[in-house]
Amino acid sequence: MNRFLPFSMMMILLLTSCGDAAELERLQKENADLKAQLQALTANAKPKYILKIRLKQSNFSLSIKKHIKNAINAVDFELPVDKDFYDSVSEGTEIVDKFRFGSFVLYGSFGDWEMTVRGKEIRQ
């Protein structure tokens, strides 16, 4: 009898902590619903077209210091685009090459902004 008491207490504890059949059924249904939602989300995922862009300033100057400064200050970033634009550009394509008119008027500086495609990537 002494051995039976701890064993029965352990069995009662295990049985009461498991929950009832209705809760188990509810959890199984919830799990199945979540799996269906995940499958629907992954099936409807459209590819994302990403361009890797470099933006930098360029000066018409013989100053090595300005050229080094422009190279260091260049900014790389990623830009999501639509499929048509993605297909229309290739690596190395210059998207923007705009003369900096304000710098010319105020400082007499000849320069421009250059935005070029550094890479392309399709993500799922």
# chains A, B, ... in the order shown; residues from 1 in each chain; ligands from 1
call {"tool": "residues_around", "arguments": {"residues": "range 80-82 of chain A", "least_positions_apart": "6", "cutoff": "8 Å", "atoms": "only C-alpha atoms", "output": "short mmCIF file (atom, residue, chain, number, x, y, z; two decimals) with N, CA and C atoms, in the first residue's frame"}}
result
data_model
loop_
_atom_site.label_atom_id
_atom_site.label_comp_id
_atom_site.auth_asym_id
_atom_site.auth_seq_id
_atom_site.Cartn_x
_atom_site.Cartn_y
_atom_site.Cartn_z
N LYS A 48 9.87 39.69 -55.30
CA LYS A 48 10.21 41.11 -55.15
C LYS A 48 11.44 41.38 -55.98
N TYR A 49 11.37 42.40 -56.80
CA TYR A 49 12.48 42.78 -57.66
C TYR A 49 13.24 43.92 -56.98
N ILE A 50 14.50 43.65 -56.65
CA ILE A 50 15.32 44.57 -55.88
C ILE A 50 16.50 45.04 -56.73
N LEU A 51 16.70 46.35 -56.80
CA LEU A 51 17.89 46.91 -57.42
C LEU A 51 18.82 47.41 -56.32
#
call {"tool": "residues_around", "arguments": {"residues": "Ser61 in chain A", "least_positions_apart": "2", "cutoff": "9 Å", "atoms": "only C-alpha atoms", "output": "ChimeraX atom specification"}}
result
/A:58-59,63-64,66-67,109-111
call {"tool": "write_last_selection", "arguments": {"atoms": "N, CA, C and O atoms", "output": "tab-separated table (two decimals), in the first residue's frame"}}
result
chain	number	residue	atom	x	y	z
A	58	SER	N	29.87	63.63	-57.99
A	58	SER	CA	31.07	63.66	-58.83
A	58	SER	C	31.41	65.12	-59.12
A	58	SER	O	30.53	65.93	-59.36
A	59	ASN	N	32.70	65.44	-59.06
A	59	ASN	CA	33.15	66.81	-59.34
A	59	ASN	C	34.11	66.81	-60.52
A	59	ASN	O	34.88	65.87	-60.70
A	63	SER	N	41.44	67.99	-58.01
A	63	SER	CA	41.73	67.76	-56.59
A	63	SER	C	41.50	66.29	-56.23
A	63	SER	O	40.37	65.78	-56.29
A	64	ILE	N	42.57	65.62	-55.83
A	64	ILE	CA	42.46	64.22	-55.41
A	64	ILE	C	41.62	64.14	-54.13
A	64	ILE	O	40.85	63.19	-53.95
A	66	LYS	N	39.00	65.89	-53.29
A	66	LYS	CA	37.56	65.88	-53.62
A	66	LYS	C	37.12	64.52	-54.16
A	66	LYS	O	36.04	64.03	-53.84
A	67	HIS	N	37.95	63.90	-54.98
A	67	HIS	CA	37.59	62.60	-55.55
A	67	HIS	C	37.55	61.52	-54.45
A	67	HIS	O	36.66	60.66	-54.46
A	109	SER	N	31.14	75.49	-58.48
A	109	SER	CA	31.59	74.10	-58.50
A	109	SER	C	30.88	73.35	-59.63
A	109	SER	O	29.66	73.40	-59.76
A	110	PHE	N	31.66	72.66	-60.44
A	110	PHE	CA	31.10	71.81	-61.49
A	110	PHE	C	31.01	70.39	-60.95
A	110	PHE	O	32.02	69.79	-60.60
A	111	GLY	N	29.81	69.86	-60.90
A	111	GLY	CA	29.64	68.50	-60.41
A	111	GLY	C	28.26	67.98	-60.73
A	111	GLY	O	27.40	68.70	-61.23
call {"tool": "residues_around", "arguments": {"residues": "Val117 in chain A", "least_positions_apart": "5", "cutoff": "12 Å", "atoms": "only C-alpha atoms", "output": "list in words"}}
result
Ile50, Leu51, Lys52, Ile53, Arg54, Leu55, Lys56, Val75, Asp76, Phe77, Glu78, Leu79, Phe85, Tyr86, Ser88, Val89, Ser90, Glu91, Gly92, Thr93, Glu94, Ile95 and Val96 of chain A
call {"tool": "closest_residue", "arguments": {"among": "A:Gln28, A:Pro47, A:Thr42, A:Asp84", "to": "Glu121 in chain A", "atoms": "only C-alpha atoms"}}
result
A:Pro47
call {"tool": "closest_residue", "arguments": {"among": "A:Glu114, A:Arg26, A:Ala43, A:Phe60", "to": "Ala74 in chain A", "atoms": "only C-alpha atoms"}}
result
A:Glu114
call {"tool": "atom_distance", "arguments": {"atom1": "CA of Thr116 in chain A", "atom2": "CA of Asp87 in chain A"}}
result
15.0 Å
call {"tool": "atom_distance", "arguments": {"atom1": "CA of Lys83 in chain A", "atom2": "CA of Arg123 in chain A"}}
result
12.1 Å
call {"tool": "decode", "arguments": {"residues": "range 57-86 of chain A", "atoms": "N, CA, C and O atoms", "output": "PDB file, in the first residue's frame"}}
result
ATOM      1  N   GLN A  57      28.349  61.637 -55.524  1.00  0.00           N
ATOM      2  CA  GLN A  57      28.572  62.956 -56.092  1.00  0.00           C
ATOM      3  C   GLN A  57      29.862  62.904 -56.900  1.00  0.00           C
ATOM      4  O   GLN A  57      30.813  62.228 -56.527  1.00  0.00           O
ATOM      5  N   SER A  58      29.874  63.628 -57.992  1.00  0.00           N
ATOM      6  CA  SER A  58      31.065  63.664 -58.833  1.00  0.00           C
ATOM      7  C   SER A  58      31.411  65.119 -59.123  1.00  0.00           C
ATOM      8  O   SER A  58      30.526  65.934 -59.364  1.00  0.00           O
ATOM      9  N   ASN A  59      32.697  65.444 -59.061  1.00  0.00           N
ATOM     10  CA  ASN A  59      33.153  66.806 -59.340  1.00  0.00           C
ATOM     11  C   ASN A  59      34.109  66.806 -60.521  1.00  0.00           C
ATOM     12  O   ASN A  59      34.884  65.870 -60.703  1.00  0.00           O
ATOM     13  N   PHE A  60      34.028  67.875 -61.304  1.00  0.00           N
ATOM     14  CA  PHE A  60      35.005  68.082 -62.364  1.00  0.00           C
ATOM     15  C   PHE A  60      36.136  68.887 -61.746  1.00  0.00           C
ATOM     16  O   PHE A  60      36.104  70.111 -61.702  1.00  0.00           O
ATOM     17  N   SER A  61      37.122  68.170 -61.238  1.00  0.00           N
ATOM     18  CA  SER A  61      38.195  68.815 -60.497  1.00  0.00           C
ATOM     19  C   SER A  61      39.466  67.978 -60.617  1.00  0.00           C
ATOM     20  O   SER A  61      39.404  66.773 -60.845  1.00  0.00           O
ATOM     21  N   LEU A  62      40.598  68.637 -60.440  1.00  0.00           N
ATOM     22  CA  LEU A  62      41.874  67.933 -60.397  1.00  0.00           C
ATOM     23  C   LEU A  62      42.277  67.603 -58.956  1.00  0.00           C
ATOM     24  O   LEU A  62      43.320  66.998 -58.740  1.00  0.00           O
ATOM     25  N   SER A  63      41.438  67.986 -58.006  1.00  0.00           N
ATOM     26  CA  SER A  63      41.726  67.759 -56.588  1.00  0.00           C
ATOM     27  C   SER A  63      41.495  66.288 -56.229  1.00  0.00           C
ATOM     28  O   SER A  63      40.370  65.784 -56.289  1.00  0.00           O
ATOM     29  N   ILE A  64      42.567  65.619 -55.832  1.00  0.00           N
ATOM     30  CA  ILE A  64      42.457  64.221 -55.409  1.00  0.00           C
ATOM     31  C   ILE A  64      41.624  64.136 -54.132  1.00  0.00           C
ATOM     32  O   ILE A  64      40.853  63.195 -53.948  1.00  0.00           O
ATOM     33  N   LYS A  65      41.742  65.147 -53.281  1.00  0.00           N
ATOM     34  CA  LYS A  65      40.987  65.179 -52.032  1.00  0.00           C
ATOM     35  C   LYS A  65      39.480  65.131 -52.311  1.00  0.00           C
ATOM     36  O   LYS A  65      38.743  64.399 -51.650  1.00  0.00           O
ATOM     37  N   LYS A  66      38.995  65.886 -53.290  1.00  0.00           N
ATOM     38  CA  LYS A  66      37.558  65.881 -53.617  1.00  0.00           C
ATOM     39  C   LYS A  66      37.121  64.523 -54.156  1.00  0.00           C
ATOM     40  O   LYS A  66      36.045  64.032 -53.835  1.00  0.00           O
ATOM     41  N   HIS A  67      37.946  63.902 -54.981  1.00  0.00           N
ATOM     42  CA  HIS A  67      37.593  62.600 -55.546  1.00  0.00           C
ATOM     43  C   HIS A  67      37.546  61.519 -54.447  1.00  0.00           C
ATOM     44  O   HIS A  67      36.658  60.659 -54.458  1.00  0.00           O
ATOM     45  N   ILE A  68      38.482  61.577 -53.519  1.00  0.00           N
ATOM     46  CA  ILE A  68      38.480  60.627 -52.397  1.00  0.00           C
ATOM     47  C   ILE A  68      37.247  60.866 -51.523  1.00  0.00           C
ATOM     48  O   ILE A  68      36.561  59.920 -51.127  1.00  0.00           O
ATOM     49  N   LYS A  69      36.939  62.137 -51.239  1.00  0.00           N
ATOM     50  CA  LYS A  69      35.772  62.483 -50.429  1.00  0.00           C
ATOM     51  C   LYS A  69      34.492  61.965 -51.096  1.00  0.00           C
ATOM     52  O   LYS A  69      33.627  61.380 -50.440  1.00  0.00           O
ATOM     53  N   ASN A  70      34.375  62.139 -52.395  1.00  0.00           N
ATOM     54  CA  ASN A  70      33.182  61.668 -53.106  1.00  0.00           C
ATOM     55  C   ASN A  70      33.060  60.143 -53.063  1.00  0.00           C
ATOM     56  O   ASN A  70      31.966  59.610 -52.913  1.00  0.00           O
ATOM     57  N   ALA A  71      34.182  59.449 -53.180  1.00  0.00           N
ATOM     58  CA  ALA A  71      34.159  57.982 -53.132  1.00  0.00           C
ATOM     59  C   ALA A  71      33.773  57.480 -51.738  1.00  0.00           C
ATOM     60  O   ALA A  71      33.009  56.527 -51.594  1.00  0.00           O
ATOM     61  N   ILE A  72      34.283  58.136 -50.710  1.00  0.00           N
ATOM     62  CA  ILE A  72      33.973  57.733 -49.338  1.00  0.00           C
ATOM     63  C   ILE A  72      32.510  58.031 -48.998  1.00  0.00           C
ATOM     64  O   ILE A  72      31.852  57.251 -48.310  1.00  0.00           O
ATOM     65  N   ASN A  73      31.979  59.133 -49.498  1.00  0.00           N
ATOM     66  CA  ASN A  73      30.604  59.534 -49.187  1.00  0.00           C
ATOM     67  C   ASN A  73      29.555  58.857 -50.068  1.00  0.00           C
ATOM     68  O   ASN A  73      28.365  59.131 -49.913  1.00  0.00           O
ATOM     69  N   ALA A  74      29.948  57.990 -50.963  1.00  0.00           N
ATOM     70  CA  ALA A  74      28.979  57.288 -51.807  1.00  0.00           C
ATOM     71  C   ALA A  74      28.057  56.440 -50.930  1.00  0.00           C
ATOM     72  O   ALA A  74      28.477  55.875 -49.925  1.00  0.00           O
ATOM     73  N   VAL A  75      26.806  56.370 -51.319  1.00  0.00           N
ATOM     74  CA  VAL A  75      25.798  55.649 -50.542  1.00  0.00           C
ATOM     75  C   VAL A  75      25.257  54.492 -51.379  1.00  0.00           C
ATOM     76  O   VAL A  75      24.870  54.678 -52.535  1.00  0.00           O
ATOM     77  N   ASP A  76      25.249  53.293 -50.790  1.00  0.00           N
ATOM     78  CA  ASP A  76      24.651  52.124 -51.431  1.00  0.00           C
ATOM     79  C   ASP A  76      23.344  51.796 -50.711  1.00  0.00           C
ATOM     80  O   ASP A  76      23.294  51.803 -49.478  1.00  0.00           O
ATOM     81  N   PHE A  77      22.301  51.502 -51.478  1.00  0.00           N
ATOM     82  CA  PHE A  77      21.025  51.124 -50.884  1.00  0.00           C
ATOM     83  C   PHE A  77      20.269  50.224 -51.846  1.00  0.00           C
ATOM     84  O   PHE A  77      20.614  50.109 -53.012  1.00  0.00           O
ATOM     85  N   GLU A  78      19.232  49.574 -51.306  1.00  0.00           N
ATOM     86  CA  GLU A  78      18.395  48.693 -52.109  1.00  0.00           C
ATOM     87  C   GLU A  78      17.052  49.358 -52.343  1.00  0.00           C
ATOM     88  O   GLU A  78      16.521  50.034 -51.463  1.00  0.00           O
ATOM     89  N   LEU A  79      16.517  49.157 -53.550  1.00  0.00           N
ATOM     90  CA  LEU A  79      15.276  49.794 -53.940  1.00  0.00           C
ATOM     91  C   LEU A  79      14.358  48.767 -54.592  1.00  0.00           C
ATOM     92  O   LEU A  79      14.735  48.179 -55.607  1.00  0.00           O
ATOM     93  N   PRO A  80      13.162  48.527 -54.016  1.00  0.00           N
ATOM     94  CA  PRO A  80      12.223  47.614 -54.675  1.00  0.00           C
ATOM     95  C   PRO A  80      11.586  48.312 -55.873  1.00  0.00           C
ATOM     96  O   PRO A  80      11.194  49.473 -55.780  1.00  0.00           O
ATOM     97  N   VAL A  81      11.511  47.612 -56.992  1.00  0.00           N
ATOM     98  CA  VAL A  81      10.945  48.179 -58.221  1.00  0.00           C
ATOM     99  C   VAL A  81       9.969  47.173 -58.830  1.00  0.00           C
ATOM    100  O   VAL A  81       9.930  46.007 -58.436  1.00  0.00           O
ATOM    101  N   ASP A  82       9.218  47.615 -59.836  1.00  0.00           N
ATOM    102  CA  ASP A  82       8.327  46.689 -60.514  1.00  0.00           C
ATOM    103  C   ASP A  82       9.110  45.900 -61.565  1.00  0.00           C
ATOM    104  O   ASP A  82      10.249  46.232 -61.910  1.00  0.00           O
ATOM    105  N   LYS A  83       8.499  44.860 -62.084  1.00  0.00           N
ATOM    106  CA  LYS A  83       9.173  43.945 -63.000  1.00  0.00           C
ATOM    107  C   LYS A  83       9.610  44.630 -64.285  1.00  0.00           C
ATOM    108  O   LYS A  83      10.707  44.381 -64.790  1.00  0.00           O
ATOM    109  N   ASP A  84       8.783  45.524 -64.819  1.00  0.00           N
ATOM    110  CA  ASP A  84       9.118  46.201 -66.069  1.00  0.00           C
ATOM    111  C   ASP A  84      10.397  47.029 -65.929  1.00  0.00           C
ATOM    112  O   ASP A  84      11.280  46.989 -66.788  1.00  0.00           O
ATOM    113  N   PHE A  85      10.493  47.809 -64.853  1.00  0.00           N
ATOM    114  CA  PHE A  85      11.694  48.610 -64.650  1.00  0.00           C
ATOM    115  C   PHE A  85      12.904  47.723 -64.382  1.00  0.00           C
ATOM    116  O   PHE A  85      14.001  47.976 -64.873  1.00  0.00           O
ATOM    117  N   TYR A  86      12.697  46.654 -63.603  1.00  0.00           N
ATOM    118  CA  TYR A  86      13.768  45.700 -63.300  1.00  0.00           C
ATOM    119  C   TYR A  86      14.351  45.125 -64.591  1.00  0.00           C
ATOM    120  O   TYR A  86      15.564  45.016 -64.740  1.00  0.00           O
TER     121      TYR A  86
END
